[in-house]
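Student: The structure that follows is given in the form of structure tokens.
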Number of protein chains: 2
Amino acid sequence: MDKEINHILKRNQLSVTESRTRILELFLSLNGALAHGDIEKKAGEKFDRVTVYRTLQSFLDKGIIHSIPTADNSIRYALCKDNCSEGHHHDNHIHFVCKICGTTTCLDEVHIPAVKLPGGFKMQQIEMVVSGMCKDCNKK
Amino acid sequence: MDKEINHILKRNQLSVTESRTRILELFLSLNGALAHGDIEKKAGEKFDRVTVYRTLQSFLDKGIIHSIPTADNSIRYALCKDNCSEGHHHDNHIHFVCKICGTTTCLDEVHIPAVKLPGGFKMQQIEMVVSGMCKDCNKK
DNA sequence: ACATAATTTGCAACAAAGTTGCAAACGGTT
DNA sequence: AACCGTTTGCAACTTTGTTGCAAATTATGT
């Protein structure tokens with residue numbers, strides 16, 4: 001695990017620091033998405049708020065994580081599974097937000113279907129967020 | 001126009017006040033979406049910031065407007081074209097955010113395609129946001 | 001392994017965004 | 001016109017996000 005974290009950081013020309021390691025660890029141990037607030041709560045006692053902001057920003061810049069817009073105005077972040085190149089994501093999968101437990105999941109296996117825009121509109125990026133009840137909450 | 005505004009408010013059991021009228025006017029005169037900040041700038045000299053928040057909230061509650069999540073963490077609001085019942089929206093159209101001019105448009109004519117979720121997931125709501133270059137910016 | 005250069009961190013101060021309680025003003029009803 | 005319930009504006013506050021700078025940490029060359 002430490003090896004993997006090290007590798008991810010170095011591959012992206014980021015120096016291996018305590019906060020980056022810790023935050024990456026959080027993402028790897030979790031299979032979902034995290035909001036800034038979550039990270040602050042889980043790692044914020046050790047690190048300054050500002051550090052969390054800056055760490056997330058650098059991960060975003062390098063394409064290690066991607067952001068997921070949600071209707072409640074709290075951006076979530078999740079690991080990019082593929083190797084997203086710097087500044088160019090290709091996370092064309094659907095995001096699922098559970099209304100019960102609040103977790104956000106990347107449905108990597110579900111691709112976003114193609115849509116046809118009206119004349120004149122030029123698509124650069126597409127986001128699809130489905131909300132409802134997740135697998136785990138459905139069982140209970 | 002005033003007649004229409006009056007009607008919308010009364011239909012939703014909201015009293016007709018200056019701020020509600022003004023803000024509804026803004027939405028009706030514009031064919032796109034507005035962020036809280038936009039509204040504050042365009043109507044905020046007359047009204048308190050708090051009033052704008054509360055007005056938007058009551059419009060949301062009544063289903064007069066709906067919110068559009070965007071990647072930059074600034075929620076936009078747009079009029080519901082159909083009659084959304086209270087608490088239950090059915091704005092199944094795509095939203096388009098222009099990266100040049102920043103405007104958000106409801107593409108009412110483009111419906112969100114159906115997707116199949118993995119087993120166990122139950123869909124309640126779906127959001128699709130496309131970003132790129134809008135019709136107007138494409139011309140220039 | 002150590003000194004040095006470059007990056008990163010934490011702090012403080014600040015700006016922006018959003019919330020709450022309460023008294024005054026306003027809208028709707030009779 | 002007078003009454004009652006709703007809405008507004010104000011003030012104070014919390015939360016969220018940003019910036020500059022000195023101190024600490026990480027990477028690099030020898």
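Residues are referred to by chain and number: the chain letter is A, B, ... according to the order shown in the structure tokens, the number counts from 1 in that chain, and ligands are numbered separately from 1 in the order shown.
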For Cys106 in chain B, work out the shell of residues within 9 Å, counting only C-alpha atoms (C1' of nucleotides) and skipping chain neighbours fewer than 5 positions away, then give it as JSON, numbers by chain.

Tutor: {"B": [31, 32, 33, 78, 93, 94, 95, 96]}

Student: Which residues, written as a short mmCIF file (atom, residue, chain, number, x, y, z; two decimals) with N, CA and C atoms, in the first residue's frame, have at least one atom at most 12 Å from Lys140 in chain A, with only C-alpha atoms (C1' of nucleotides) counted and residues fewer than 5 positions away on the same chain left out?

Tutor:
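Written out: around.cif:
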data_model
loop_
_atom_site.label_atom_id
_atom_site.label_comp_id
_atom_site.auth_asym_id
_atom_site.auth_seq_id
_atom_site.Cartn_x
_atom_site.Cartn_y
_atom_site.Cartn_z
N ILE A 100 -29.74 7.86 1.21
CA ILE A 100 -29.87 7.36 2.57
C ILE A 100 -28.57 7.56 3.34
N CYS A 101 -27.52 6.92 2.85
CA CYS A 101 -26.26 6.97 3.61
C CYS A 101 -25.34 8.10 3.15
N MET A 133 -31.01 4.96 -4.05
CA MET A 133 -30.60 4.09 -2.95
C MET A 133 -29.51 3.14 -3.42
N CYS A 134 -28.43 3.09 -2.68
CA CYS A 134 -27.30 2.29 -3.11
C CYS A 134 -27.47 0.81 -2.73
N LYS A 135 -26.60 0.02 -3.26
CA LYS A 135 -26.62 -1.42 -3.07
C LYS A 135 -26.72 -1.81 -1.60
N GLY B 120 -28.96 -3.84 -7.50
CA GLY B 120 -29.03 -3.33 -6.15
C GLY B 120 -29.22 -1.83 -6.08
#

Student: Only residues of chain C matter here; which ones have an atom within 12 Å of chain B, counting only C-alpha atoms (C1' of nucleotides)? Give them as a ChimeraX atom specification.

Tutor: /C:16-20,25-28

Student: May I ask for the distance between CA of Val115 in chain A and CA of Val110 in chain B, given in Å to one decimal place?

Tutor: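 Between these atoms lies a distance of 8.0 Å.
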
Student: Could you go through range 10-120 of chain B and tell me which residues DSSP, when run on the backbone, assigns to strand (DSSP E), listing them as a PyMOL selection string?

Tutor: chain B and resi 34-35+65-68+76-79+93-98+104-111

Student: Within range 26-69 of chain A, find each residue whose DSSP state, derived from the backbone, is helix (DSSP H, G or I), and express the selection as number ranges by chain.

Tutor: A: 26-29, 36-43, 49-62

Student: Please identify every residue of chain D that has at least one atom no more than 12 Å from any atom of chain A, counting only C-alpha atoms (C1' of nucleotides), and report them as a list in words.

Tutor: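 Result, ordered by chain then number: DT15, DT16, DG17, DT18, DT19, DA24, DT25, DT26 and DA27 of chain D.
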
Student: Could you list, as a VMD selection string, every residue of chain B that has an atom within 12 Å of an atom of chain A, counting only C-alpha atoms?

Tutor: chain B and resid 35 to 36 66 to 77 92 to 100 105 to 140

Student: Using only C-alpha atoms (C1' of nucleotides) for the distances, tell me which of A:Ile23, A:Thr51, A:Asp38, A:Ala43 is nearest to DT9 in chain C.

Tutor: A:Thr51

Student: Please identify all polymer residues within 10 Å of DT28 in chain D, counting only C-alpha atoms (C1' of nucleotides), omitting same-chain residues fewer than 3 positions from it, and present them as a PyMOL selection string.

Tutor: chain C and resi 4-6

Student: Determine, counting only C-alpha atoms (C1' of nucleotides), which protein, DNA and RNA residues have an atom within 12 Å of an atom of range 5-9 of chain B; residues of the same chain fewer than 2 positions away are not included. Present the result as an MDAnalysis selection string.

Tutor: chainID B and resid 1:3 11:29 55 58:59 62:65 79:84

Student: With only C-alpha atoms (C1' of nucleotides) as the basis for distance, which of D:DG29, D:DG20, D:DT6, D:DC13 is at the shortest distance from DC14 in chain C?

Tutor: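 Checking each of D:DG29, D:DG20, D:DT6, D:DC13 against DC14 in chain C, counting only C-alpha atoms (C1' of nucleotides), the winner is D:DG20.
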
Student: At what distance in Å, to one decimal, does CA of Leu30 in chain B lie from CA of Thr103 in chain B?

Tutor: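 Distance between the two atoms: 10.6 Å.
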